[in-house]
>>> print(open('my_file_7.cif').read())   # mmCIF, C-alpha atoms
data_coords
#
loop_
_atom_site.group_PDB
_atom_site.id
_atom_site.type_symbol
_atom_site.label_atom_id
_atom_site.label_comp_id
_atom_site.auth_asym_id
_atom_site.auth_seq_id
_atom_site.Cartn_x
_atom_site.Cartn_y
_atom_site.Cartn_z
ATOM 1 C CA MET A 1 -14.678 -9.490 -19.428
ATOM 2 C CA LYS A 2 -13.544 -11.787 -16.642
ATOM 3 C CA ALA A 3 -13.817 -10.434 -13.110
ATOM 4 C CA ILE A 4 -13.595 -11.825 -9.608
ATOM 5 C CA ILE A 5 -16.689 -10.913 -7.645
ATOM 6 C CA LEU A 6 -17.276 -11.276 -3.917
ATOM 7 C CA LYS A 7 -20.672 -12.927 -3.593
ATOM 8 C CA GLU A 8 -20.802 -12.295 0.162
ATOM 9 C CA PHE A 9 -18.422 -11.418 2.966
ATOM 10 C CA GLY A 10 -16.476 -14.308 4.422
ATOM 11 C CA ASN A 11 -13.752 -16.735 3.363
ATOM 12 C CA THR A 12 -12.054 -17.113 -0.005
ATOM 13 C CA ASP A 13 -14.771 -19.492 -1.256
ATOM 14 C CA ASN A 14 -16.834 -16.361 -1.827
ATOM 15 C CA LEU A 15 -14.437 -15.066 -4.514
ATOM 16 C CA ILE A 16 -16.060 -16.177 -7.770
ATOM 17 C CA GLU A 17 -14.882 -15.700 -11.357
ATOM 18 C CA LYS A 18 -17.646 -14.286 -13.559
ATOM 19 C CA GLU A 19 -18.162 -12.771 -17.007
ATOM 20 C CA LEU A 20 -19.302 -9.156 -16.796
ATOM 21 C CA PRO A 21 -19.905 -6.363 -19.335
ATOM 22 C CA LEU A 22 -17.062 -3.935 -19.946
ATOM 23 C CA PRO A 23 -17.152 -0.938 -17.604
ATOM 24 C CA VAL A 24 -18.182 2.397 -19.108
ATOM 25 C CA ALA A 25 -15.751 5.245 -18.482
ATOM 26 C CA LYS A 26 -17.292 8.476 -17.204
ATOM 27 C CA ASN A 27 -16.236 11.879 -18.555
ATOM 28 C CA ASP A 28 -13.377 12.156 -16.071
ATOM 29 C CA GLU A 29 -12.288 8.515 -16.299
ATOM 30 C CA VAL A 30 -10.221 6.287 -18.531
ATOM 31 C CA LEU A 31 -10.893 2.649 -19.338
ATOM 32 C CA ILE A 32 -7.847 0.519 -18.550
ATOM 33 C CA GLN A 33 -7.017 -2.916 -19.897
ATOM 34 C CA VAL A 34 -5.519 -4.288 -16.718
ATOM 35 C CA LYS A 35 -2.146 -6.024 -16.912
ATOM 36 C CA ALA A 36 -1.405 -6.456 -13.201
ATOM 37 C CA ILE A 37 -2.989 -5.743 -9.840
ATOM 38 C CA SER A 38 -1.592 -5.684 -6.318
ATOM 39 C CA ILE A 39 -3.082 -7.417 -3.285
ATOM 40 C CA ASN A 40 -3.044 -5.773 0.155
ATOM 41 C CA PRO A 41 -4.160 -6.644 3.689
ATOM 42 C CA VAL A 42 -7.146 -4.314 3.224
ATOM 43 C CA ASP A 43 -8.377 -6.675 0.502
ATOM 44 C CA ILE A 44 -8.517 -9.525 3.013
ATOM 45 C CA LYS A 45 -10.135 -7.416 5.740
ATOM 46 C CA THR A 46 -12.767 -6.113 3.325
ATOM 47 C CA ARG A 47 -13.436 -9.621 2.003
ATOM 48 C CA LYS A 48 -14.277 -10.598 5.571
ATOM 49 C CA GLY A 49 -16.677 -7.653 5.951
ATOM 50 C CA LYS A 50 -14.309 -5.473 7.962
ATOM 51 C CA SER A 51 -12.392 -2.331 6.927
ATOM 52 C CA LEU A 52 -14.242 -1.018 3.855
ATOM 53 C CA GLY A 53 -16.797 -3.827 3.995
ATOM 54 C CA PRO A 54 -19.593 -1.835 5.655
ATOM 55 C CA SER A 55 -19.385 0.936 3.043
ATOM 56 C CA LEU A 56 -19.396 -1.555 0.150
ATOM 57 C CA LYS A 57 -22.035 -3.996 1.401
ATOM 58 C CA ASP A 58 -24.717 -2.748 -0.999
ATOM 59 C CA GLU A 59 -22.544 -2.865 -4.137
ATOM 60 C CA ASP A 60 -23.683 -5.413 -6.718
ATOM 61 C CA PRO A 61 -21.514 -6.835 -8.093
ATOM 62 C CA LEU A 62 -18.863 -6.199 -5.441
ATOM 63 C CA ILE A 63 -15.374 -6.340 -6.944
ATOM 64 C CA LEU A 64 -12.407 -5.956 -4.639
ATOM 65 C CA GLY A 65 -9.037 -4.406 -5.462
ATOM 66 C CA TRP A 66 -7.639 -0.898 -5.835
ATOM 67 C CA ASP A 67 -4.103 -1.233 -7.249
ATOM 68 C CA VAL A 68 -3.762 -1.459 -11.017
ATOM 69 C CA SER A 69 -1.329 -1.105 -13.863
ATOM 70 C CA GLY A 70 -2.393 -1.373 -17.472
ATOM 71 C CA VAL A 71 -3.057 0.279 -20.827
ATOM 72 C CA VAL A 72 -5.579 3.021 -21.580
ATOM 73 C CA VAL A 73 -8.061 1.823 -24.218
ATOM 74 C CA GLU A 74 -10.633 4.615 -23.929
ATOM 75 C CA THR A 75 -10.747 8.116 -22.476
ATOM 76 C CA GLY A 76 -13.627 10.169 -21.130
ATOM 77 C CA SER A 77 -14.590 13.397 -22.864
ATOM 78 C CA SER A 78 -13.002 15.643 -20.218
ATOM 79 C CA VAL A 79 -9.734 13.716 -19.857
ATOM 80 C CA SER A 80 -6.728 15.551 -21.261
ATOM 81 C CA GLY A 81 -3.772 14.051 -19.395
ATOM 82 C CA PHE A 82 -3.896 10.581 -20.911
ATOM 83 C CA LYS A 83 -4.492 9.112 -24.347
ATOM 84 C CA ILE A 84 -5.294 5.702 -25.787
ATOM 85 C CA GLY A 85 -2.232 3.475 -25.622
ATOM 86 C CA ASP A 86 -0.710 5.111 -22.533
ATOM 87 C CA GLU A 87 0.573 2.741 -19.872
ATOM 88 C CA VAL A 88 -0.708 3.942 -16.509
ATOM 89 C CA PHE A 89 -0.829 2.838 -12.889
ATOM 90 C CA GLY A 90 -2.435 3.925 -9.660
ATOM 91 C CA MET A 91 -4.541 3.206 -6.622
ATOM 92 C CA ILE A 92 -8.078 3.943 -7.728
ATOM 93 C CA ASN A 93 -11.154 5.045 -5.779
ATOM 94 C CA PHE A 94 -9.676 4.439 -2.340
ATOM 95 C CA PRO A 95 -11.458 4.433 -0.008
ATOM 96 C CA GLY A 96 -14.347 3.361 -2.203
ATOM 97 C CA HIS A 97 -15.220 0.748 -4.791
ATOM 98 C CA GLY A 98 -12.033 0.128 -6.775
ATOM 99 C CA LYS A 99 -13.197 -2.886 -8.872
ATOM 100 C CA ALA A 100 -9.623 -3.821 -9.779
ATOM 101 C CA TYR A 101 -10.055 -7.629 -9.801
ATOM 102 C CA ALA A 102 -11.009 -7.592 -13.464
ATOM 103 C CA GLU A 103 -9.629 -7.543 -17.000
ATOM 104 C CA TYR A 104 -10.837 -3.953 -17.468
ATOM 105 C CA VAL A 105 -11.484 -1.148 -15.007
ATOM 106 C CA ALA A 106 -12.797 2.412 -15.323
ATOM 107 C CA ALA A 107 -10.570 4.704 -13.277
ATOM 108 C CA PRO A 108 -10.599 8.426 -12.480
ATOM 109 C CA ALA A 109 -7.798 10.064 -14.436
ATOM 110 C CA SER A 110 -6.953 12.091 -11.325
ATOM 111 C CA HIS A 111 -5.909 8.895 -9.521
ATOM 112 C CA LEU A 112 -3.367 7.765 -12.126
ATOM 113 C CA ALA A 113 0.164 8.400 -13.334
ATOM 114 C CA LEU A 114 2.067 7.314 -16.408
ATOM 115 C CA LYS A 115 3.989 4.115 -15.819
ATOM 116 C CA PRO A 116 7.759 4.611 -16.185
ATOM 117 C CA GLU A 117 9.156 2.760 -19.183
ATOM 118 C CA ASN A 118 11.841 1.083 -17.081
ATOM 119 C CA VAL A 119 9.289 -0.484 -14.725
ATOM 120 C CA SER A 120 7.171 -3.566 -15.476
ATOM 121 C CA HIS A 121 3.413 -3.619 -14.981
ATOM 122 C CA GLU A 122 3.932 -5.965 -12.036
ATOM 123 C CA GLU A 123 6.377 -3.584 -10.368
ATOM 124 C CA ALA A 124 4.110 -0.611 -11.067
ATOM 125 C CA ALA A 125 0.998 -2.307 -9.674
ATOM 126 C CA ALA A 126 2.959 -3.065 -6.511
ATOM 127 C CA ALA A 127 3.964 0.595 -6.080
ATOM 128 C CA THR A 128 0.485 1.939 -5.483
ATOM 129 C CA LEU A 129 -1.376 1.611 -2.159
ATOM 130 C CA ALA A 130 1.711 0.529 -0.197
ATOM 131 C CA ALA A 131 4.048 3.099 -1.745
ATOM 132 C CA LEU A 132 1.447 5.865 -1.500
ATOM 133 C CA THR A 133 0.886 5.076 2.169
ATOM 134 C CA ALA A 134 4.592 5.485 2.888
ATOM 135 C CA TRP A 135 4.841 8.656 0.784
ATOM 136 C CA GLN A 136 1.789 10.343 2.277
ATOM 137 C CA ILE A 137 2.919 9.646 5.853
ATOM 138 C CA LEU A 138 6.520 10.722 5.321
ATOM 139 C CA VAL A 139 5.939 13.716 3.058
ATOM 140 C CA THR A 140 2.386 14.988 3.403
ATOM 141 C CA HIS A 141 1.390 13.980 6.888
ATOM 142 C CA VAL A 142 4.587 14.331 8.922
ATOM 143 C CA ASN A 143 7.010 15.990 6.474
ATOM 144 C CA ILE A 144 10.168 14.459 7.872
ATOM 145 C CA LYS A 145 13.444 16.304 7.540
ATOM 146 C CA ALA A 146 16.947 15.145 6.760
ATOM 147 C CA ALA A 147 18.559 13.340 9.709
ATOM 148 C CA ASP A 148 15.221 12.723 11.456
ATOM 149 C CA GLY A 149 15.107 9.325 13.151
ATOM 150 C CA VAL A 150 12.466 7.062 11.605
ATOM 151 C CA LEU A 151 11.577 3.651 13.070
ATOM 152 C CA ILE A 152 9.709 1.326 10.704
ATOM 153 C CA THR A 153 8.128 -1.905 11.920
ATOM 154 C CA ALA A 154 7.506 -4.736 9.438
ATOM 155 C CA ALA A 155 10.229 -3.073 7.389
ATOM 156 C CA ALA A 156 10.423 -5.982 4.941
ATOM 157 C CA GLY A 157 6.695 -5.895 4.186
ATOM 158 C CA GLY A 158 4.608 -4.032 1.627
ATOM 159 C CA VAL A 159 4.419 -0.558 3.150
ATOM 160 C CA GLY A 160 7.622 -1.079 5.109
ATOM 161 C CA HIS A 161 9.942 -1.768 2.201
ATOM 162 C CA TYR A 162 8.769 1.390 0.427
ATOM 163 C CA ALA A 163 8.914 3.432 3.638
ATOM 164 C CA VAL A 164 12.563 2.495 4.169
ATOM 165 C CA GLN A 165 13.469 3.537 0.617
ATOM 166 C CA ILE A 166 11.482 6.779 0.626
ATOM 167 C CA ALA A 167 12.783 7.775 4.055
ATOM 168 C CA LYS A 168 16.331 7.117 2.824
ATOM 169 C CA TYR A 169 15.656 9.269 -0.250
ATOM 170 C CA LEU A 170 14.495 12.054 2.089
ATOM 171 C CA GLY A 171 17.687 11.815 4.146
ATOM 172 C CA ALA A 172 16.292 10.271 7.318
ATOM 173 C CA TYR A 173 18.139 7.967 9.706
ATOM 174 C CA ILE A 174 16.240 4.672 9.522
ATOM 175 C CA ILE A 175 15.844 1.826 11.982
ATOM 176 C CA GLY A 176 14.092 -1.136 10.407
ATOM 177 C CA VAL A 177 12.339 -3.820 12.448
ATOM 178 C CA SER A 178 11.933 -7.281 10.963
ATOM 179 C CA SER A 179 12.859 -10.906 11.485
ATOM 180 C CA ALA A 180 16.524 -11.857 11.447
ATOM 181 C CA ALA A 181 15.927 -13.640 8.152
ATOM 182 C CA ASN A 182 15.044 -10.336 6.496
ATOM 183 C CA LYS A 183 17.837 -8.252 8.047
ATOM 184 C CA ASP A 184 20.008 -8.186 4.912
ATOM 185 C CA PHE A 185 17.007 -7.240 2.766
ATOM 186 C CA VAL A 186 16.060 -4.358 5.072
ATOM 187 C CA MET A 187 19.627 -3.075 5.229
ATOM 188 C CA GLN A 188 19.965 -3.248 1.434
ATOM 189 C CA LEU A 189 16.817 -1.134 1.132
ATOM 190 C CA GLY A 190 18.619 1.631 3.017
ATOM 191 C CA ALA A 191 18.118 1.077 6.745
ATOM 192 C CA ASP A 192 20.920 2.356 8.984
ATOM 193 C CA GLU A 193 20.109 -0.018 11.831
ATOM 194 C CA HIS A 194 18.134 -3.233 12.215
ATOM 195 C CA ILE A 195 16.150 -4.637 15.117
ATOM 196 C CA ASP A 196 15.230 -8.321 15.229
ATOM 197 C CA TYR A 197 11.811 -8.284 16.875
ATOM 198 C CA ALA A 198 12.225 -11.883 18.078
ATOM 199 C CA THR A 199 15.390 -11.300 20.112
ATOM 200 C CA GLN A 200 15.469 -7.559 20.830
ATOM 201 C CA LYS A 201 13.138 -5.249 22.699
ATOM 202 C CA ILE A 202 12.581 -2.034 20.803
ATOM 203 C CA GLU A 203 12.522 0.073 23.972
ATOM 204 C CA GLN A 204 15.987 -1.229 24.875
ATOM 205 C CA ALA A 205 17.469 -0.857 21.403
ATOM 206 C CA VAL A 206 16.616 2.730 20.416
ATOM 207 C CA ASP A 207 15.428 6.053 21.802
ATOM 208 C CA ASN A 208 14.587 9.610 20.785
ATOM 209 C CA ILE A 209 12.786 8.696 17.542
ATOM 210 C CA ASP A 210 11.060 11.433 15.520
ATOM 211 C CA LEU A 211 8.613 9.212 13.633
ATOM 212 C CA VAL A 212 7.449 5.631 14.002
ATOM 213 C CA ILE A 213 5.581 3.961 11.137
ATOM 214 C CA ASP A 214 3.886 0.998 12.756
ATOM 215 C CA ALA A 215 2.543 -1.581 10.329
ATOM 216 C CA MET A 216 1.711 -4.088 13.072
ATOM 217 C CA GLY A 217 -0.514 -2.254 15.551
ATOM 218 C CA ASP A 218 -0.473 -5.001 18.170
ATOM 219 C CA ASN A 219 1.910 -3.487 20.750
ATOM 220 C CA VAL A 220 2.152 0.283 20.530
ATOM 221 C CA ASP A 221 3.343 1.066 24.075
ATOM 222 C CA PRO A 222 7.047 0.312 23.377
ATOM 223 C CA LEU A 223 6.845 2.527 20.281
ATOM 224 C CA LEU A 224 5.491 5.435 22.292
ATOM 225 C CA ALA A 225 8.276 4.890 24.812
ATOM 226 C CA VAL A 226 11.054 5.355 22.243
ATOM 227 C CA THR A 227 9.490 8.388 20.535
ATOM 228 C CA LYS A 228 10.779 11.821 21.539
ATOM 229 C CA LYS A 229 8.401 14.434 22.935
ATOM 230 C CA GLY A 230 6.669 16.117 20.045
ATOM 231 C CA GLY A 231 7.325 13.065 17.861
ATOM 232 C CA THR A 232 4.722 10.984 16.063
ATOM 233 C CA VAL A 233 3.651 7.343 15.995
ATOM 234 C CA VAL A 234 1.500 6.384 13.004
ATOM 235 C CA THR A 235 -0.248 3.016 13.114
ATOM 236 C CA LEU A 236 -1.520 1.552 9.854
ATOM 237 C CA PRO A 237 -3.917 -1.293 10.711
ATOM 238 C CA SER A 238 -7.474 -0.313 11.496
ATOM 239 C CA GLY A 239 -8.944 -1.294 14.827
ATOM 240 C CA GLY A 240 -6.891 -2.109 17.873
ATOM 241 C CA LYS A 241 -6.477 -0.212 21.112
ATOM 242 C CA ASP A 242 -6.884 3.567 21.085
ATOM 243 C CA MET A 243 -3.551 4.955 22.246
ATOM 244 C CA THR A 244 -4.435 8.647 22.154
ATOM 245 C CA GLU A 245 -4.371 9.197 25.920
ATOM 246 C CA ASN A 246 -1.255 7.073 26.437
ATOM 247 C CA ALA A 247 0.515 9.067 23.760
ATOM 248 C CA LYS A 248 -0.669 12.399 25.139
ATOM 249 C CA SER A 249 0.701 11.556 28.584
ATOM 250 C CA LYS A 250 4.120 11.067 26.991
ATOM 251 C CA GLY A 251 3.934 14.192 24.842
ATOM 252 C CA VAL A 252 3.732 12.116 21.675
ATOM 253 C CA HIS A 253 1.282 12.310 18.769
ATOM 254 C CA TRP A 254 -0.421 9.020 17.850
ATOM 255 C CA HIS A 255 -3.074 8.117 15.322
ATOM 256 C CA HIS A 256 -4.125 5.680 12.621
ATOM 257 C CA TYR A 257 -3.498 6.706 9.042
ATOM 258 C CA SER A 258 -5.358 5.568 5.946
ATOM 259 C CA VAL A 259 -4.100 6.317 2.460
ATOM 260 C CA VAL A 260 -6.239 8.136 -0.139
ATOM 261 C CA SER A 261 -6.102 8.080 -3.928
ATOM 262 C CA ASN A 262 -4.044 10.974 -5.302
ATOM 263 C CA GLY A 263 -2.643 11.213 -8.815
ATOM 264 C CA LYS A 264 -0.043 13.840 -7.908
ATOM 265 C CA ASP A 265 1.358 11.594 -5.204
ATOM 266 C CA GLN A 266 1.304 8.687 -7.645
ATOM 267 C CA GLN A 267 3.289 10.814 -10.089
ATOM 268 C CA ALA A 268 5.861 11.430 -7.356
ATOM 269 C CA ILE A 269 6.162 7.670 -6.905
ATOM 270 C CA ALA A 270 6.500 7.275 -10.677
ATOM 271 C CA GLU A 271 9.427 9.694 -10.713
ATOM 272 C CA LEU A 272 11.177 7.845 -7.889
ATOM 273 C CA LEU A 273 10.723 4.563 -9.753
ATOM 274 C CA ALA A 274 11.952 6.062 -13.019
ATOM 275 C CA ASN A 275 15.051 7.499 -11.358
ATOM 276 C CA GLY A 276 15.850 4.304 -9.495
ATOM 277 C CA LYS A 277 15.395 5.965 -6.097
ATOM 278 C CA ILE A 278 12.937 3.260 -5.076
ATOM 279 C CA ARG A 279 12.111 -0.161 -6.459
ATOM 280 C CA SER A 280 9.338 -2.675 -5.981
ATOM 281 C CA PHE A 281 10.290 -6.037 -4.568
ATOM 282 C CA VAL A 282 7.732 -8.505 -5.934
ATOM 283 C CA SER A 283 8.152 -11.768 -4.061
ATOM 284 C CA GLN A 284 5.352 -13.724 -5.738
ATOM 285 C CA LYS A 285 3.091 -13.513 -8.775
ATOM 286 C CA PHE A 286 -0.304 -15.135 -9.209
ATOM 287 C CA HIS A 287 -2.782 -15.239 -12.082
ATOM 288 C CA LEU A 288 -6.199 -13.648 -11.630
ATOM 289 C CA SER A 289 -7.741 -17.124 -11.678
ATOM 290 C CA ASN A 290 -5.594 -17.956 -8.636
ATOM 291 C CA ILE A 291 -6.705 -14.944 -6.605
ATOM 292 C CA VAL A 292 -7.591 -17.253 -3.701
ATOM 293 C CA GLU A 293 -3.950 -18.307 -3.383
ATOM 294 C CA ALA A 294 -2.905 -14.657 -3.351
ATOM 295 C CA HIS A 295 -5.333 -13.979 -0.497
ATOM 296 C CA HIS A 296 -3.984 -16.936 1.457
ATOM 297 C CA GLN A 297 -0.439 -15.636 1.033
ATOM 298 C CA ILE A 298 -1.350 -12.215 2.418
ATOM 299 C CA GLU A 299 -3.231 -13.863 5.291
ATOM 300 C CA SER A 300 -0.074 -15.750 6.250
ATOM 301 C CA GLY A 301 1.374 -12.451 7.521
ATOM 302 C CA LYS A 302 4.754 -13.416 6.107
ATOM 303 C CA THR A 303 4.819 -11.619 2.769
ATOM 304 C CA LYS A 304 8.190 -10.138 1.866
ATOM 305 C CA GLY A 305 7.762 -7.001 -0.221
ATOM 306 C CA LYS A 306 4.674 -7.283 -2.394
ATOM 307 C CA ILE A 307 2.678 -9.907 -4.210
ATOM 308 C CA VAL A 308 0.900 -9.150 -7.474
ATOM 309 C CA THR A 309 -1.670 -10.786 -9.704
ATOM 310 C CA VAL A 310 -1.307 -10.728 -13.462
ATOM 311 C CA ILE A 311 -4.223 -10.734 -15.868
#
>>> encode(input="my_file_7.cif", output="structure tokens")
Amino acid sequence: MKAIILKEFGNTDNLIEKELPLPVAKNDEVLIQVKAISINPVDIKTRKGKSLGPSLKDEDPLILGWDVSGVVVETGSSVSGFKIGDEVFGMINFPGHGKAYAEYVAAPASHLALKPENVSHEEAAAATLAALTAWQILVTHVNIKAADGVLITAAAGGVGHYAVQIAKYLGAYIIGVSSAANKDFVMQLGADEHIDYATQKIEQAVDNIDLVIDAMGDNVDPLLAVTKKGGTVVTLPSGGKDMTENAKSKGVHWHHYSVVSNGKDQQAIAELLANGKIRSFVSQKFHLSNIVEAHHQIESGKTKGKIVTVI
């Protein structure tokens, strides 16, 4: 099979197409013929040796990628929830070695869900890491309630555009932060208010927020300032300044959050997709052989919705 391996950490020149043997599914895994994968900022950070890089440095071959949608072609002996021919999707082995940049991937059955019939493989692949991040923060981690105020930075981006839709589904009052160019998009997703980060200061525009989902991580102080006492600020990017003490002094909870593979959560996303409660906005598609271009697009920091790679 064709796969994209990372020969060493660094720039995109280190992403090399190579022929590899088919993966062998373990007892609790299924073998998937991959139809589409999704690219995320963590892919770029790991390629550079950051994020998951240190934990994957001894893998040989090292294959990036965690978000897949495809068709089951083989099932392990202990797998009962899926059969050959099923169309499935999920974020696999995160955090760990996902190996999704390939024509075939062996994936734990417990990390997958059936792909809704009304959703394409590209749309399904998009609704994995980013959608799961939004779901796990809003439902599992914070458990927002109807009418809670939720502020979402980078609301037109990967995590952001799912977070707006899921928060709307849960009945929250949503303030989306993006560029002016993406205002209409953010409002159509379900935001109740919009803040243009270029012309408005967040701390002057809103107050008394229950939850902030911060996909930027570069200026957290204004977000703490607009969060009510007892509220929560969740920052997605790894690294950056530790805001624990600043938050504590304001009576606010702050921490980084990293998504984890979970088939039950993925099933919840599948149901929302099937019922039309959320949708994936795929702004660009690339072929696996053009994975370098996909990485460059993510590195631009200007991706609207999601980009996917088809096999």
>>> closest_residue(input="my_file_7.cif", among="A:Ala180, A:Val252, A:Leu236, A:Ala172", to="Leu224 in chain A", atoms="only C-alpha atoms")
A:Val252
>>> resolve_selection(input="my_file_7.cif", expression="the PyMOL selection byres ((chain A and resi 283) around 12)", output="list in words")
Ser38, Glu122, Glu123, Ala126, Ala156, Gly157, Gly158, His161, Ser280, Phe281, Val282, Gln284, Lys285, Phe286, Ala294, Gln297, Ile298, Lys302, Thr303, Lys304, Gly305, Lys306, Ile307, Val308 and Thr309 of chain A
>>> atom_distance(input="my_file_7.cif", atom1="CA of Lys277 in chain A", atom2="CA of Gln33 in chain A")
27.8 Å
>>> atom_distance(input="my_file_7.cif", atom1="CA of Ile195 in chain A", atom2="CA of Ile175 in chain A")
7.2 Å
>>> closest_atom_pairs(input="my_file_7.cif", of="range 153-179 of chain A", to="range 272-275 of chain A", cutoff="10 Å", atoms="all atoms listed in the file", output="CSV")
residue,atom,partner,partner_atom,distance
A:Gln165,CA,A:Leu272,CA,9.8
A:Ile166,CA,A:Leu272,CA,8.6
A:Tyr169,CA,A:Leu272,CA,9.0
>>> resolve_selection(input="my_file_7.cif", expression="the PyMOL selection byres ((chain A and resi 167) around 12)", output="JSON, numbers by chain")
{"A": [131, 134, 135, 136, 137, 138, 139, 142, 143, 144, 145, 146, 147, 148, 149, 150, 151, 152, 155, 159, 160, 161, 162, 163, 164, 165, 166, 168, 169, 170, 171, 172, 173, 174, 175, 176, 189, 190, 191, 192, 211, 212, 213, 277, 278]}
>>> resolve_selection(input="my_file_7.cif", expression="the PyMOL selection byres ((chain A and resi 197) around 7)", output="PDB file with C-alpha atoms, keeping the file's coordinate frame")
ATOM      1  CA  VAL A 177      12.339  -3.820  12.448  1.00  0.00           C
ATOM      2  CA  SER A 178      11.933  -7.281  10.963  1.00  0.00           C
ATOM      3  CA  SER A 179      12.859 -10.906  11.485  1.00  0.00           C
ATOM      4  CA  ILE A 195      16.150  -4.637  15.117  1.00  0.00           C
ATOM      5  CA  ASP A 196      15.230  -8.321  15.229  1.00  0.00           C
ATOM      6  CA  ALA A 198      12.225 -11.883  18.078  1.00  0.00           C
ATOM      7  CA  THR A 199      15.390 -11.300  20.112  1.00  0.00           C
ATOM      8  CA  GLN A 200      15.469  -7.559  20.830  1.00  0.00           C
ATOM      9  CA  LYS A 201      13.138  -5.249  22.699  1.00  0.00           C
TER      10      LYS A 201
END
>>> residues_around(input="my_file_7.cif", residues="range 18-31 of chain A", least_positions_apart="3", cutoff="7 Å", atoms="all atoms listed in the file", output="list in words")
Met1, Lys2, Ala3, Ile4, Ile5, Val72, Val73, Glu74, Thr75, Gly76, Ser77, Ser78, Val79, Tyr104, Val105, Ala106, Ala107, Pro108 and Ala109 of chain A
>>> residues_around(input="my_file_7.cif", residues="Glu271 in chain A", least_positions_apart="4", cutoff="12 Å", atoms="all atoms listed in the file", output="PyMOL selection string")
chain A and resi 113-119+124+127+166+264-267+275-279
>>> atom_distance(input="my_file_7.cif", atom1="CA of Gly240 in chain A", atom2="CA of Gly217 in chain A")
6.8 Å
>>> closest_residue(input="my_file_7.cif", among="A:Val68, A:Ala36, A:Val220, A:Ala270", to="Val233 in chain A", atoms="only C-alpha atoms")
A:Val220
>>> residues_near_point(input="my_file_7.cif", point="(-14.2, 0.5, 3.1)", cutoff="7 Å", atoms="all atoms listed in the file", output="PyMOL selection string")
chain A and resi 46+51-56+95-96
>>> closest_residue(input="my_file_7.cif", among="A:Ile44, A:Val260, A:Val226, A:Val234", to="Asp214 in chain A", atoms="all atoms listed in the file")
A:Val234
>>> residues_around(input="my_file_7.cif", residues="Gly10 in chain A", least_positions_apart="6", cutoff="8 Å", atoms="only C-alpha atoms", output="list in words")
Arg47, Lys48 and Gly49 of chain A
>>> closest_residue(input="my_file_7.cif", among="A:Lys45, A:Lys228, A:Lys50, A:Lys35", to="His121 in chain A", atoms="only C-alpha atoms")
A:Lys35
>>> closest_residue(input="my_file_7.cif", among="A:Ser261, A:Ala205, A:Thr153, A:Ile84", to="Asn219 in chain A", atoms="all atoms listed in the file")
A:Thr153
>>> residues_around(input="my_file_7.cif", residues="His111 in chain A", least_positions_apart="5", cutoff="7 Å", atoms="only C-alpha atoms", output="PyMOL selection string")
chain A and resi 90-92+261-263
>>> decode(input="my_file_7.cif", residues="range 59-70 of chain A", atoms="N, CA and C atoms", output="compact mmCIF listing (two decimals), in the first residue's frame")
# COMPACT_ATOMS: atom_id res chain seq x y z
N GLU A 59 9.27 5.41 16.64
CA GLU A 59 8.45 4.62 15.71
C GLU A 59 9.12 4.53 14.34
N ASP A 60 9.11 3.36 13.76
CA ASP A 60 9.72 3.16 12.44
C ASP A 60 8.93 2.11 11.66
N PRO A 61 8.22 2.49 10.61
CA PRO A 61 8.12 3.85 10.08
C PRO A 61 7.14 4.70 10.90
N LEU A 62 7.37 6.00 10.90
CA LEU A 62 6.48 6.94 11.57
C LEU A 62 5.50 7.48 10.54
N ILE A 63 4.22 7.23 10.78
CA ILE A 63 3.16 7.67 9.87
C ILE A 63 2.22 8.58 10.65
N LEU A 64 2.11 9.81 10.22
CA LEU A 64 1.26 10.77 10.90
C LEU A 64 -0.21 10.53 10.58
N GLY A 65 -1.08 11.27 11.25
CA GLY A 65 -2.51 11.25 10.95
C GLY A 65 -3.31 10.39 11.91
N TRP A 66 -4.51 10.92 12.25
CA TRP A 66 -5.38 10.23 13.21
C TRP A 66 -6.84 10.18 12.76
N ASP A 67 -7.22 11.01 11.82
CA ASP A 67 -8.62 11.14 11.40
C ASP A 67 -8.88 10.38 10.11
N VAL A 68 -9.78 9.40 10.15
CA VAL A 68 -10.01 8.59 8.96
C VAL A 68 -11.50 8.33 8.73
N SER A 69 -11.82 8.11 7.48
CA SER A 69 -13.11 7.57 7.09
C SER A 69 -12.85 6.59 5.96
N GLY A 70 -13.51 5.43 6.03
CA GLY A 70 -13.27 4.43 5.00
C GLY A 70 -14.16 3.22 5.17
